[in-house]
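K.L.:
Sharing work_23.csv here; it has CSV, C-alpha atoms.
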```csv
chain,number,residue,atom,x,y,z
H,12,MET,CA,-30.6,43.8,19.9
H,13,LYS,CA,-29.6,41.8,22.9
H,14,ARG,CA,-26.1,40.5,23.1
H,15,PHE,CA,-25.2,37.3,24.9
H,16,LEU,CA,-21.7,36.6,26.4
H,17,LEU,CA,-20.6,33.0,26.5
H,18,SER,CA,-18.4,31.8,29.3
H,19,ALA,CA,-14.9,30.4,28.6
H,20,SER,CA,-16.1,26.9,29.5
H,21,VAL,CA,-19.0,27.1,27.0
H,22,LEU,CA,-16.7,28.4,24.3
H,23,ALA,CA,-14.3,25.5,25.0
H,24,MET,CA,-17.2,23.0,24.5
H,25,PHE,CA,-17.7,24.3,21.0
H,26,ALA,CA,-13.9,24.3,20.2
H,27,ALA,CA,-13.1,20.8,21.5
H,28,PRO,CA,-13.5,17.8,19.2
H,29,ALA,CA,-16.9,16.3,19.4
H,30,PHE,CA,-16.7,12.5,20.1
H,31,ALA,CA,-20.1,11.7,21.6
H,32,GLY,CA,-22.5,9.7,19.6
H,33,ARG,CA,-20.1,7.5,17.5
H,34,GLU,CA,-19.9,3.9,18.6
H,35,GLU,CA,-18.1,2.2,15.7
H,36,ILE,CA,-14.5,2.5,14.8
H,37,ARG,CA,-13.8,4.1,11.4
H,38,ILE,CA,-10.8,3.0,9.4
H,39,VAL,CA,-9.7,4.2,5.9
H,40,GLY,CA,-6.7,3.6,3.6
H,41,SER,CA,-4.9,1.0,1.5
H,42,SER,CA,-6.8,-1.4,-0.8
H,43,THR,CA,-4.0,-3.9,-0.2
H,44,VAL,CA,-4.4,-3.9,3.6
H,45,TYR,CA,-8.2,-3.6,3.4
H,46,PRO,CA,-8.9,-7.4,3.3
H,47,PHE,CA,-6.7,-8.0,6.3
H,48,THR,CA,-8.2,-5.1,8.4
H,49,THR,CA,-11.7,-6.2,7.4
H,50,ALA,CA,-10.9,-9.7,8.7
H,51,VAL,CA,-9.7,-8.3,12.0
H,52,ALA,CA,-12.7,-6.0,12.2
H,53,GLU,CA,-15.1,-9.0,11.8
H,54,GLN,CA,-13.3,-11.0,14.4
H,55,PHE,CA,-13.2,-8.0,16.8
H,56,GLY,CA,-17.0,-7.6,16.3
H,57,LYS,CA,-17.7,-11.3,17.1
H,58,LYS,CA,-15.4,-11.5,20.1
H,59,SER,CA,-16.2,-8.1,21.7
H,60,GLY,CA,-19.9,-7.9,21.1
H,61,MET,CA,-19.3,-4.3,20.0
H,62,LYS,CA,-20.2,-2.9,16.6
H,63,THR,CA,-18.0,-4.1,13.8
H,64,PRO,CA,-15.5,-1.4,12.7
H,65,VAL,CA,-16.3,0.4,9.4
H,66,VAL,CA,-13.4,-0.1,6.9
H,67,GLU,CA,-13.2,1.9,3.7
H,68,SER,CA,-10.8,1.3,0.8
H,69,THR,CA,-9.6,4.8,-0.1
H,70,GLY,CA,-6.0,4.1,-1.2
H,71,THR,CA,-3.0,4.8,1.0
H,72,GLY,CA,-2.6,8.4,-0.1
H,73,GLY,CA,-6.3,9.1,0.3
H,74,GLY,CA,-6.4,7.4,3.6
H,75,MET,CA,-3.4,9.5,4.9
H,76,LYS,CA,-5.2,12.6,3.8
H,77,LEU,CA,-8.4,11.7,5.8
H,78,PHE,CA,-6.4,10.4,8.8
H,79,CYS,CA,-4.4,13.6,9.1
H,80,GLU,CA,-7.4,16.0,8.9
H,81,GLY,CA,-7.6,16.2,12.7
H,82,VAL,CA,-9.2,14.6,15.7
H,83,GLY,CA,-12.9,14.3,16.6
H,84,GLU,CA,-16.0,12.2,16.0
H,85,ASP,CA,-16.1,13.1,12.3
H,86,LYS,CA,-12.4,12.1,11.7
H,87,ALA,CA,-11.0,8.6,10.9
H,88,ASP,CA,-9.6,6.6,13.9
H,89,ALA,CA,-7.0,4.6,11.9
H,90,THR,CA,-5.7,4.2,8.4
H,91,ASN,CA,-4.2,1.3,6.4
H,92,ALA,CA,-1.1,1.8,4.4
H,93,SER,CA,0.9,-0.3,1.9
H,94,ARG,CA,3.9,1.9,2.5
H,95,ARG,CA,5.2,3.8,5.5
H,96,ILE,CA,3.8,7.2,6.3
H,97,LYS,CA,5.8,9.9,4.6
H,98,LYS,CA,7.5,12.7,6.5
H,99,SER,CA,5.3,15.3,4.7
H,100,GLU,CA,2.1,13.4,5.8
H,101,PHE,CA,3.4,13.1,9.4
H,102,GLU,CA,4.0,16.9,9.5
H,103,THR,CA,0.5,17.5,8.0
H,104,CYS,CA,-0.9,15.4,10.8
H,105,ALA,CA,1.0,17.4,13.4
H,106,LYS,CA,-0.2,20.7,12.0
H,107,ASN,CA,-3.8,19.5,12.3
H,108,GLY,CA,-3.5,18.3,15.9
H,109,VAL,CA,-2.8,14.6,15.2
H,110,THR,CA,0.4,14.5,17.2
H,111,ASP,CA,0.4,11.0,18.7
H,112,ILE,CA,0.4,8.2,16.1
H,113,VAL,CA,0.8,4.6,16.9
H,114,GLU,CA,2.4,2.6,14.0
H,115,ILE,CA,1.6,-1.0,13.6
H,116,THR,CA,3.7,-3.1,11.2
H,117,VAL,CA,1.3,-5.9,10.4
H,118,GLY,CA,3.5,-8.0,8.0
H,119,PHE,CA,5.0,-8.2,4.5
H,120,ASP,CA,3.4,-8.2,1.1
H,121,GLY,CA,5.0,-9.0,-2.3
H,122,LEU,CA,4.2,-6.6,-5.0
H,123,THR,CA,3.3,-8.8,-7.9
H,124,VAL,CA,2.9,-8.7,-11.6
H,125,ALA,CA,0.3,-11.3,-12.7
H,126,HIS,CA,-1.7,-12.4,-15.7
H,127,SER,CA,-4.3,-15.0,-16.6
H,128,LYS,CA,-3.7,-18.7,-16.2
H,129,ALA,CA,-4.9,-19.0,-19.7
H,130,ALA,CA,-1.7,-17.2,-20.9
H,131,GLN,CA,1.8,-18.7,-21.4
H,132,PRO,CA,4.0,-18.2,-18.4
H,133,VAL,CA,6.3,-15.2,-18.7
H,134,ALA,CA,9.4,-14.2,-16.6
H,135,LEU,CA,10.5,-10.6,-16.5
H,136,THR,CA,13.3,-8.5,-15.2
H,137,ARG,CA,12.7,-5.1,-13.6
H,138,ALA,CA,14.7,-3.5,-16.4
H,139,GLN,CA,12.3,-5.0,-18.9
H,140,LEU,CA,9.3,-3.7,-16.9
H,141,PHE,CA,10.9,-0.2,-16.8
H,142,LEU,CA,11.4,-0.2,-20.6
H,143,ALA,CA,7.8,-1.3,-21.1
H,144,LEU,CA,6.2,1.3,-18.9
H,145,ALA,CA,8.5,4.4,-18.5
H,146,LYS,CA,7.4,7.6,-20.3
H,147,GLU,CA,11.0,8.0,-21.6
H,148,VAL,CA,13.7,5.4,-22.2
H,149,PRO,CA,17.2,5.5,-23.6
H,150,GLY,CA,17.5,5.5,-27.4
H,151,ALA,CA,20.2,3.9,-29.5
H,152,ASP,CA,22.6,6.7,-28.6
H,153,GLY,CA,21.7,6.5,-24.9
H,154,LYS,CA,19.8,9.8,-24.9
H,155,LEU,CA,16.2,9.8,-23.6
H,156,VAL,CA,13.4,9.4,-26.2
H,157,ALA,CA,9.6,9.0,-25.9
H,158,ASN,CA,9.0,5.3,-25.2
H,159,PRO,CA,8.8,3.6,-28.7
H,160,TYR,CA,7.9,0.1,-27.5
H,161,LYS,CA,4.5,-1.2,-28.5
H,162,MET,CA,5.1,-5.0,-28.1
H,163,TRP,CA,6.9,-7.0,-25.5
H,164,ASN,CA,9.2,-8.7,-28.0
H,165,GLU,CA,10.5,-5.3,-29.2
H,166,ILE,CA,12.1,-5.0,-25.8
H,167,ASP,CA,13.5,-8.6,-25.9
H,168,PRO,CA,12.9,-11.1,-28.7
H,169,ALA,CA,12.5,-13.8,-26.0
H,170,LEU,CA,9.3,-12.1,-24.7
H,171,PRO,CA,5.9,-12.7,-26.3
H,172,ALA,CA,4.8,-10.9,-29.5
H,173,LYS,CA,2.0,-9.3,-27.5
H,174,LYS,CA,0.9,-5.7,-27.1
H,175,ILE,CA,2.2,-4.1,-23.9
H,176,GLU,CA,-0.8,-3.5,-21.6
H,177,VAL,CA,-0.3,-3.3,-17.8
H,178,LEU,CA,-3.2,-2.5,-15.5
H,179,GLY,CA,-2.2,-0.9,-12.2
H,180,PRO,CA,-3.0,1.5,-9.4
H,181,PRO,CA,-3.4,5.3,-9.6
H,182,PRO,CA,-1.0,7.8,-8.1
H,183,THR,CA,-3.0,8.0,-4.8
H,184,SER,CA,-2.2,4.3,-4.1
H,185,GLY,CA,0.6,3.1,-1.9
H,186,THR,CA,0.9,0.2,-4.3
H,187,ARG,CA,1.8,2.7,-7.0
H,188,ASP,CA,4.5,4.2,-4.8
H,189,SER,CA,5.9,0.8,-4.1
H,190,PHE,CA,5.8,-0.1,-7.8
H,191,HIS,CA,7.8,3.0,-8.6
H,192,GLU,CA,10.4,2.2,-5.9
H,193,LEU,CA,10.6,-1.6,-6.2
H,194,PHE,CA,10.2,-2.0,-10.0
H,195,MET,CA,10.7,1.3,-11.9
H,196,GLU,CA,13.7,2.7,-9.9
H,197,LYS,CA,15.5,-0.6,-9.6
H,198,GLY,CA,14.8,-1.4,-13.3
H,199,ALA,CA,16.2,2.0,-14.3
H,200,GLU,CA,19.3,1.3,-12.2
H,201,GLY,CA,19.9,-1.9,-14.3
H,202,ILE,CA,20.2,0.1,-17.5
H,203,GLU,CA,23.7,1.5,-18.1
H,204,ALA,CA,22.7,4.8,-19.6
H,205,LEU,CA,20.3,5.5,-16.7
H,206,LYS,CA,22.9,4.3,-14.2
H,207,ALA,CA,25.2,7.0,-15.6
H,208,LEU,CA,22.4,9.6,-15.4
H,209,LYS,CA,21.9,8.8,-11.7
H,210,GLU,CA,25.5,9.5,-11.0
H,211,ALA,CA,25.5,12.7,-13.0
H,212,ASP,CA,22.0,14.1,-12.1
H,213,ALA,CA,20.1,12.4,-9.4
H,214,LYS,CA,17.0,14.6,-9.8
H,215,ALA,CA,16.8,14.0,-13.6
H,216,PHE,CA,17.1,10.3,-12.9
H,217,GLU,CA,14.3,10.4,-10.3
H,218,LYS,CA,12.0,12.2,-12.8
H,219,VAL,CA,12.7,9.4,-15.4
H,220,TRP,CA,11.7,6.5,-13.1
H,221,LYS,CA,8.7,8.2,-11.7
H,222,SER,CA,7.2,9.1,-15.1
H,223,MET,CA,4.8,6.5,-16.5
H,224,ARG,CA,3.6,6.2,-20.0
H,225,GLU,CA,0.3,7.9,-20.9
H,226,ASP,CA,-0.3,6.3,-24.3
H,227,GLY,CA,-2.4,3.4,-23.1
H,228,ALA,CA,0.4,0.9,-22.3
H,229,TYR,CA,-0.1,1.5,-18.6
H,230,VAL,CA,-3.8,1.7,-17.5
H,231,GLU,CA,-4.8,3.2,-14.2
H,232,ALA,CA,-7.4,0.8,-13.0
H,233,GLY,CA,-8.5,2.5,-9.8
H,234,GLU,CA,-8.1,1.6,-6.1
H,235,ASN,CA,-10.1,-1.7,-6.3
H,236,ASP,CA,-7.7,-4.5,-7.1
H,237,ASN,CA,-10.6,-6.9,-7.8
H,238,VAL,CA,-11.4,-4.8,-10.9
H,239,ILE,CA,-7.9,-5.6,-12.2
H,240,VAL,CA,-8.4,-9.3,-11.5
H,241,GLN,CA,-11.6,-9.2,-13.6
H,242,LYS,CA,-10.0,-7.5,-16.5
H,243,LEU,CA,-7.1,-10.0,-16.5
H,244,GLU,CA,-9.6,-12.8,-16.8
H,245,ALA,CA,-11.2,-11.0,-19.8
H,246,ASN,CA,-7.9,-10.3,-21.5
H,247,PRO,CA,-5.2,-13.0,-21.2
H,248,ASP,CA,-2.6,-10.8,-22.9
H,249,ALA,CA,-2.7,-8.1,-20.2
H,250,PHE,CA,-0.8,-7.9,-17.0
H,251,GLY,CA,-1.8,-6.5,-13.6
H,252,VAL,CA,0.0,-5.0,-10.6
H,253,PHE,CA,-1.2,-5.7,-7.1
H,254,GLY,CA,-0.3,-7.1,-3.7
H,255,TYR,CA,0.5,-10.8,-3.3
H,256,SER,CA,-2.7,-11.4,-1.2
H,257,PHE,CA,-4.9,-10.7,-4.3
H,258,LEU,CA,-2.8,-13.2,-6.3
H,259,GLU,CA,-3.2,-15.8,-3.5
H,260,GLU,CA,-6.9,-15.2,-3.4
H,261,ASN,CA,-7.2,-15.7,-7.2
H,262,VAL,CA,-4.7,-18.4,-7.7
H,263,ALA,CA,-7.3,-20.5,-9.7
H,264,LYS,CA,-7.6,-17.6,-12.2
H,265,LEU,CA,-4.2,-15.9,-12.2
H,266,GLN,CA,-0.5,-16.7,-12.2
H,267,GLY,CA,2.4,-14.6,-10.9
H,268,VAL,CA,5.2,-13.5,-13.0
H,269,ALA,CA,8.7,-14.5,-11.9
H,270,VAL,CA,10.9,-11.4,-11.4
H,271,GLU,CA,14.6,-11.7,-11.8
H,272,GLY,CA,14.0,-15.5,-11.9
H,273,VAL,CA,12.1,-15.7,-8.6
H,274,ALA,CA,8.3,-16.4,-8.5
H,275,PRO,CA,6.2,-14.6,-5.9
H,276,THR,CA,5.3,-17.1,-3.1
H,277,PHE,CA,4.8,-16.9,0.6
H,278,GLU,CA,8.2,-18.4,1.2
H,279,THR,CA,10.2,-16.2,-1.3
H,280,ILE,CA,8.6,-13.1,0.1
H,281,ALA,CA,9.3,-14.1,3.7
H,282,ASP,CA,12.9,-15.0,3.1
H,283,GLY,CA,13.6,-12.0,0.9
H,284,SER,CA,14.6,-13.8,-2.3
H,285,TYR,CA,11.6,-12.2,-4.1
H,286,LYS,CA,13.0,-8.7,-4.3
H,287,ALA,CA,9.7,-6.8,-4.8
H,288,SER,CA,8.5,-7.1,-1.2
H,289,ARG,CA,7.3,-4.4,1.2
H,290,LYS,CA,6.0,-3.9,4.7
H,291,LEU,CA,2.3,-3.2,5.4
H,292,TYR,CA,1.1,-0.8,8.1
H,293,VAL,CA,-1.9,0.3,10.2
H,294,TYR,CA,-1.8,3.7,11.9
H,295,ILE,CA,-3.9,4.4,15.0
H,296,LYS,CA,-4.8,7.9,16.3
H,297,LYS,CA,-3.9,7.8,20.0
H,298,ALA,CA,-6.1,10.8,20.8
H,299,HIS,CA,-9.1,8.6,19.9
H,300,VAL,CA,-8.1,5.7,22.2
H,301,GLY,CA,-10.3,5.7,25.3
H,302,VAL,CA,-12.8,7.9,23.5
H,303,ILE,CA,-13.9,5.9,20.5
H,304,PRO,CA,-15.1,2.6,22.2
H,305,GLY,CA,-12.9,-0.4,21.7
H,306,LEU,CA,-10.1,1.2,19.6
H,307,ASP,CA,-7.4,-0.1,21.8
H,308,LYS,CA,-8.9,-3.5,21.9
H,309,PHE,CA,-9.2,-3.5,18.1
H,310,ALA,CA,-5.5,-2.8,17.9
H,311,MET,CA,-4.7,-5.6,20.3
H,312,GLU,CA,-6.8,-8.0,18.2
H,313,TYR,CA,-4.8,-7.0,15.2
H,314,VAL,CA,-1.5,-8.0,16.8
H,315,SER,CA,-2.8,-11.1,18.6
H,316,ASP,CA,-1.4,-14.5,17.9
H,317,ALA,CA,-4.8,-15.5,16.5
H,318,ALA,CA,-4.5,-12.8,13.8
H,319,LEU,CA,-0.7,-12.2,13.2
H,320,GLY,CA,0.7,-15.5,14.3
H,321,GLU,CA,2.4,-17.8,11.9
H,322,ASP,CA,-0.8,-19.9,11.6
H,323,GLY,CA,-3.2,-17.0,12.2
H,324,TYR,CA,-6.2,-16.1,10.2
H,325,LEU,CA,-4.4,-13.3,8.4
H,326,ALA,CA,-1.7,-15.7,7.1
H,327,ALA,CA,-4.6,-17.8,5.8
H,328,LYS,CA,-5.7,-14.7,3.8
H,329,GLY,CA,-2.3,-14.3,2.2
H,330,LEU,CA,-0.5,-12.0,4.6
H,331,VAL,CA,3.2,-12.8,5.0
H,332,THR,CA,3.5,-12.7,8.7
H,333,LEU,CA,6.3,-11.1,10.7
H,334,PRO,CA,9.1,-13.1,12.3
H,335,ALA,CA,8.5,-13.8,16.0
H,336,ASP,CA,11.0,-11.2,17.3
H,337,GLN,CA,9.6,-8.4,15.1
H,338,ARG,CA,6.0,-9.3,16.1
H,339,LYS,CA,7.0,-9.2,19.8
H,340,ALA,CA,8.2,-5.6,19.4
H,341,VAL,CA,5.0,-4.6,17.6
H,342,VAL,CA,2.9,-6.2,20.3
H,343,GLU,CA,4.8,-4.3,23.0
H,344,ALA,CA,4.4,-0.9,21.2
H,345,VAL,CA,0.6,-1.5,20.7
H,346,THR,CA,0.2,-2.6,24.3
H,347,ALA,CA,1.8,0.5,25.6
H,348,MET,CA,0.3,2.6,22.8
H,349,THR,CA,3.7,4.0,22.1
H,350,ALA,CA,3.6,6.9,19.6
H,351,MET,CA,6.1,7.0,16.8
H,352,LYS,CA,8.7,9.8,16.7
H,353,GLY,CA,8.9,10.2,12.9
H,354,ASP,CA,12.7,10.9,13.0
H,355,GLU,CA,13.4,8.3,10.4
H,356,LEU,CA,10.7,9.2,7.9
H,357,LYS,CA,11.5,10.3,4.4
```
How would this structure read if it were set down as C-alpha cells?

P.N.:
Amino acid sequence: MKRFLLSASVLAMFAAPAFAGREEIRIVGSSTVYPFTTAVAEQFGKKSGMKTPVVESTGTGGGMKLFCEGVGEDKADATNASRRIKKSEFETCAKNGVTDIVEITVGFDGLTVAHSKAAQPVALTRAQLFLALAKEVPGADGKLVANPYKMWNEIDPALPAKKIEVLGPPPTSGTRDSFHELFMEKGAEGIEALKALKEADAKAFEKVWKSMREDGAYVEAGENDNVIVQKLEANPDAFGVFGYSFLEENVAKLQGVAVEGVAPTFETIADGSYKASRKLYVYIKKAHVGVIPGLDKFAMEYVSDAALGEDGYLAAKGLVTLPADQRKAVVEAVTAMTAMKGDELK
C-alpha cells in the first residue's frame, strides 16, 4: 500500500473554514426581530444588486446556538435576538472560534399581552399575570401551592369570568426570557409572600418566577408569532404574548392589554412609561466580514437613517427607534466593526 504525505500547507487548506461558493448572507434568530431584518435584507438586495440575504426565524436561543457553532461557509453570519447575548452563549462562541462579535442595538420593543378586538378590553397588573401563569403561587397561609386558579375572576373579581388561557413562546425564544424577567419576576415581587421569599432565599424565589404552569393555562405556541395572532382571532377569550410590532401589524384584529394602567403604544414604549419594554439586537460575526460578500454593507444598511431613523422604514413596521445619541454610537461601532468585550454580560 502506498502512503502519501501531505504538506503543512495542504493540511491547512483542509483545516481552515471554507467560505468559497456562498454568495448570500445567512441570518438566523429571533422571530420578533425577523420582520425588521427581513425588511433590511430586501432593501439591501434592491440597493446593492447583490443576492438578498436569507433570514430564518429560529428563535433567539436557537439562533445563538447556530451562530456560536463556529466560522465558515456552512455557519450563520449573523443572528437576531430579542434579548442581549448571555455570558454563557458568548463563552460558547469563543470556545468555537467565534471571538469577534459586533453587537448592533437596533431599537426597542414592547413585550405585549394582547387579545381579540371582539373581546371586552381588559387591564392587568404583572402580579395578576404571575398568579395566572406561575406553576406555584402563595396559598392563604403564604406557603407555595400548585396554582389553583382556573378563571381570571378567581384572581380578582374585577377580571372577566373567563378561563385562563395564554398563548406564548417556548423556552428557546428570547421573548419567553423577556416575559419571565419583565412580567413574571416583577409580578412576583409585587406579592408580599414572594417578596419575603426573595429576601430569605433568592434561588428559591428565582425558581418560582421561572416555573410556568403545565396544565393548559399557558400554551406554548411555537416560534411563529403569526400563529398566535390566528389563534386569538379564533378564540376571543384567549390572550397572546408577543412583541409590539406584531400588535402594530394586526391592530385591525387585536388590542393590547394595559399593564399597570399603561397601554402599549409607540410613545409609551419610547418614553419608558410602559414598563414591559426591551432592547432588540443583531449580532454580526466579524470573521465573516470581507469574506461573505456584502456583510459589512448589510450592517451599514441596518443602521442607516433610511432604516433606523425616526421616520425610517423600520419605524413604519413597528420598531421603536433609538434616540439620536444612542443611534450615533451604534453607527460608529458598526462603521468601525468594533467587537464587543462581553464584560457586562450576565

K.L.:
For stretch 78-85 of chain H, find every residue with an atom within 10 Å (counting all atoms listed in the file), except residues of its own chain fewer than 6 positions away, and show them as number ranges by chain.

P.N.:
H: 27-34, 36-40, 72, 91, 100-110, 294-299, 302-303

K.L.:
For the atom pair atom CA of H:Leu140 and atom CA of H:Gly118, what is the interatomic distance in Å to one decimal place?

P.N.:
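Value for the atom CA of H:Leu140-atom CA of H:Gly118 distance: 25.9 Å.
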
K.L.:
Could you please determine the separation between atom CA of H:Tyr45 and atom CA of H:Ala228 in Å, to one decimal place?

P.N.:
27.5 Å

K.L.:
List the neighbours of H:Leu144 out to 9 Å using only C-alpha atoms; skip same-chain residues closer than 4 positions along the sequence, and give me the result as number ranges by chain.

P.N.:
H: 139-140, 158, 160, 175-177, 195, 222-224, 228-229

K.L.:
From the list H:Lys221, H:Lys161, H:Arg95, H:His126, which residue is nearest H:Lys264 when using all atoms listed in the file?

P.N.:
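Result for the nearest residue to H:Lys264: H:His126.
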
K.L.:
Return the single residue from H:Asn246, H:Tyr255, H:Pro275, H:Leu135 that is closest to H:Ala169, with distances computed using all atoms listed in the file.

P.N.:
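That would be H:Leu135, the residue with the smallest distance to H:Ala169.
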
K.L.:
Between H:Asp152, H:Glu271, H:Glu200, H:Asp248, which has the minimum distance to H:Lys173 (counting all atoms listed in the file)?

P.N.:
H:Asp248

K.L.:
Taking 6 positions as the minimum chain separation for residues in the same chain, which residues sit within 8 Å of H:Phe194 when counting all atoms listed in the file? Answer as a PyMOL selection string.

P.N.:
chain H and resi 137-138+140-141+287

K.L.:
What does the distance from atom CA of H:Met348 to atom CA of H:Ile115 come to in Å, to one decimal?

P.N.:
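Going from atom CA of H:Met348 over to atom CA of H:Ile115 covers 10.0 Å.
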
K.L.:
Go through H:Ala211, H:Leu306, H:Ala281, H:Met311 and flag the residue nearest H:Ala326, using all atoms listed in the file for the distances.

P.N.:
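Checking each candidate against H:Ala326, we get H:Ala281 as the closest.
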
K.L.:
Residues near H:Asn235, anyone? I mean within 12 Å using all atoms listed in the file, not counting same-chain ones fewer than 3 positions away, as a ChimeraX atom specification.

P.N.:
/H:40-46,67-70,178-181,184,186,231-232,238-242,252-254,257

K.L.:
Give the answer as one residue: which of H:Ala207, H:Leu170, H:Leu122, H:Ile280 has the shortest atom-to-atom distance to H:Lys154, using all atoms listed in the file?

P.N.:
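The shortest atom-to-atom distance to H:Lys154 comes from H:Ala207.
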
K.L.:
Which residues, written as number ranges by chain, have at least one atom at most 9 Å from H:Thr49, with all atoms listed in the file counted and residues fewer than 5 positions away on the same chain left out?

P.N.:
H: 44, 54, 64-66

K.L.:
Calculated over all atoms listed in the file, which of the candidates H:Ala89, H:Val342, H:Ala50, H:Leu330 has the smallest distance to H:Ser315?

P.N.:
H:Val342

K.L.:
Please produce stretch 116-130 of chain H, completed to N, CA and C atoms, as an mmCIF file, keeping the file's coordinate frame.

P.N.:
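Result file is part36.cif:
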```cif
data_model
loop_
_atom_site.group_PDB
_atom_site.id
_atom_site.type_symbol
_atom_site.label_atom_id
_atom_site.label_comp_id
_atom_site.auth_asym_id
_atom_site.auth_seq_id
_atom_site.Cartn_x
_atom_site.Cartn_y
_atom_site.Cartn_z
ATOM 1 N N THR H 116 3.241 -2.328 12.359
ATOM 2 C CA THR H 116 3.700 -3.100 11.200
ATOM 3 C C THR H 116 3.025 -4.430 11.239
ATOM 4 N N VAL H 117 2.169 -4.709 10.266
ATOM 5 C CA VAL H 117 1.300 -5.900 10.400
ATOM 6 C C VAL H 117 1.938 -7.112 9.619
ATOM 7 N N GLY H 118 2.868 -6.882 8.704
ATOM 8 C CA GLY H 118 3.500 -8.000 8.000
ATOM 9 C C GLY H 118 4.088 -7.544 6.682
ATOM 10 N N PHE H 119 4.342 -8.518 5.808
ATOM 11 C CA PHE H 119 5.000 -8.200 4.500
ATOM 12 C C PHE H 119 3.994 -8.596 3.381
ATOM 13 N N ASP H 120 4.210 -7.934 2.276
ATOM 14 C CA ASP H 120 3.400 -8.200 1.100
ATOM 15 C C ASP H 120 4.389 -8.198 -0.114
ATOM 16 N N GLY H 121 4.204 -9.093 -1.037
ATOM 17 C CA GLY H 121 5.000 -9.000 -2.300
ATOM 18 C C GLY H 121 4.214 -8.266 -3.303
ATOM 19 N N LEU H 122 4.845 -7.290 -3.918
ATOM 20 C CA LEU H 122 4.200 -6.600 -5.000
ATOM 21 C C LEU H 122 4.346 -7.397 -6.260
ATOM 22 N N THR H 123 3.243 -7.856 -6.798
ATOM 23 C CA THR H 123 3.300 -8.800 -7.900
ATOM 24 C C THR H 123 2.816 -8.269 -9.224
ATOM 25 N N VAL H 124 3.385 -8.840 -10.272
ATOM 26 C CA VAL H 124 2.900 -8.700 -11.600
ATOM 27 C C VAL H 124 2.267 -10.006 -11.994
ATOM 28 N N ALA H 125 1.023 -10.000 -12.414
ATOM 29 C CA ALA H 125 0.300 -11.300 -12.700
ATOM 30 C C ALA H 125 -0.451 -11.183 -13.978
ATOM 31 N N HIS H 126 -0.816 -12.357 -14.487
ATOM 32 C CA HIS H 126 -1.700 -12.400 -15.700
ATOM 33 C C HIS H 126 -2.504 -13.689 -15.617
ATOM 34 N N SER H 127 -3.363 -13.839 -16.586
ATOM 35 C CA SER H 127 -4.300 -15.000 -16.600
ATOM 36 C C SER H 127 -3.600 -16.303 -16.702
ATOM 37 N N LYS H 128 -4.204 -17.296 -16.058
ATOM 38 C CA LYS H 128 -3.700 -18.700 -16.200
ATOM 39 C C LYS H 128 -3.826 -19.216 -17.568
ATOM 40 N N ALA H 129 -4.673 -18.564 -18.352
ATOM 41 C CA ALA H 129 -4.900 -19.000 -19.700
ATOM 42 C C ALA H 129 -3.701 -18.613 -20.629
ATOM 43 N N ALA H 130 -2.846 -17.704 -20.144
ATOM 44 C CA ALA H 130 -1.700 -17.200 -20.900
ATOM 45 C C ALA H 130 -0.473 -18.103 -20.674
#
```
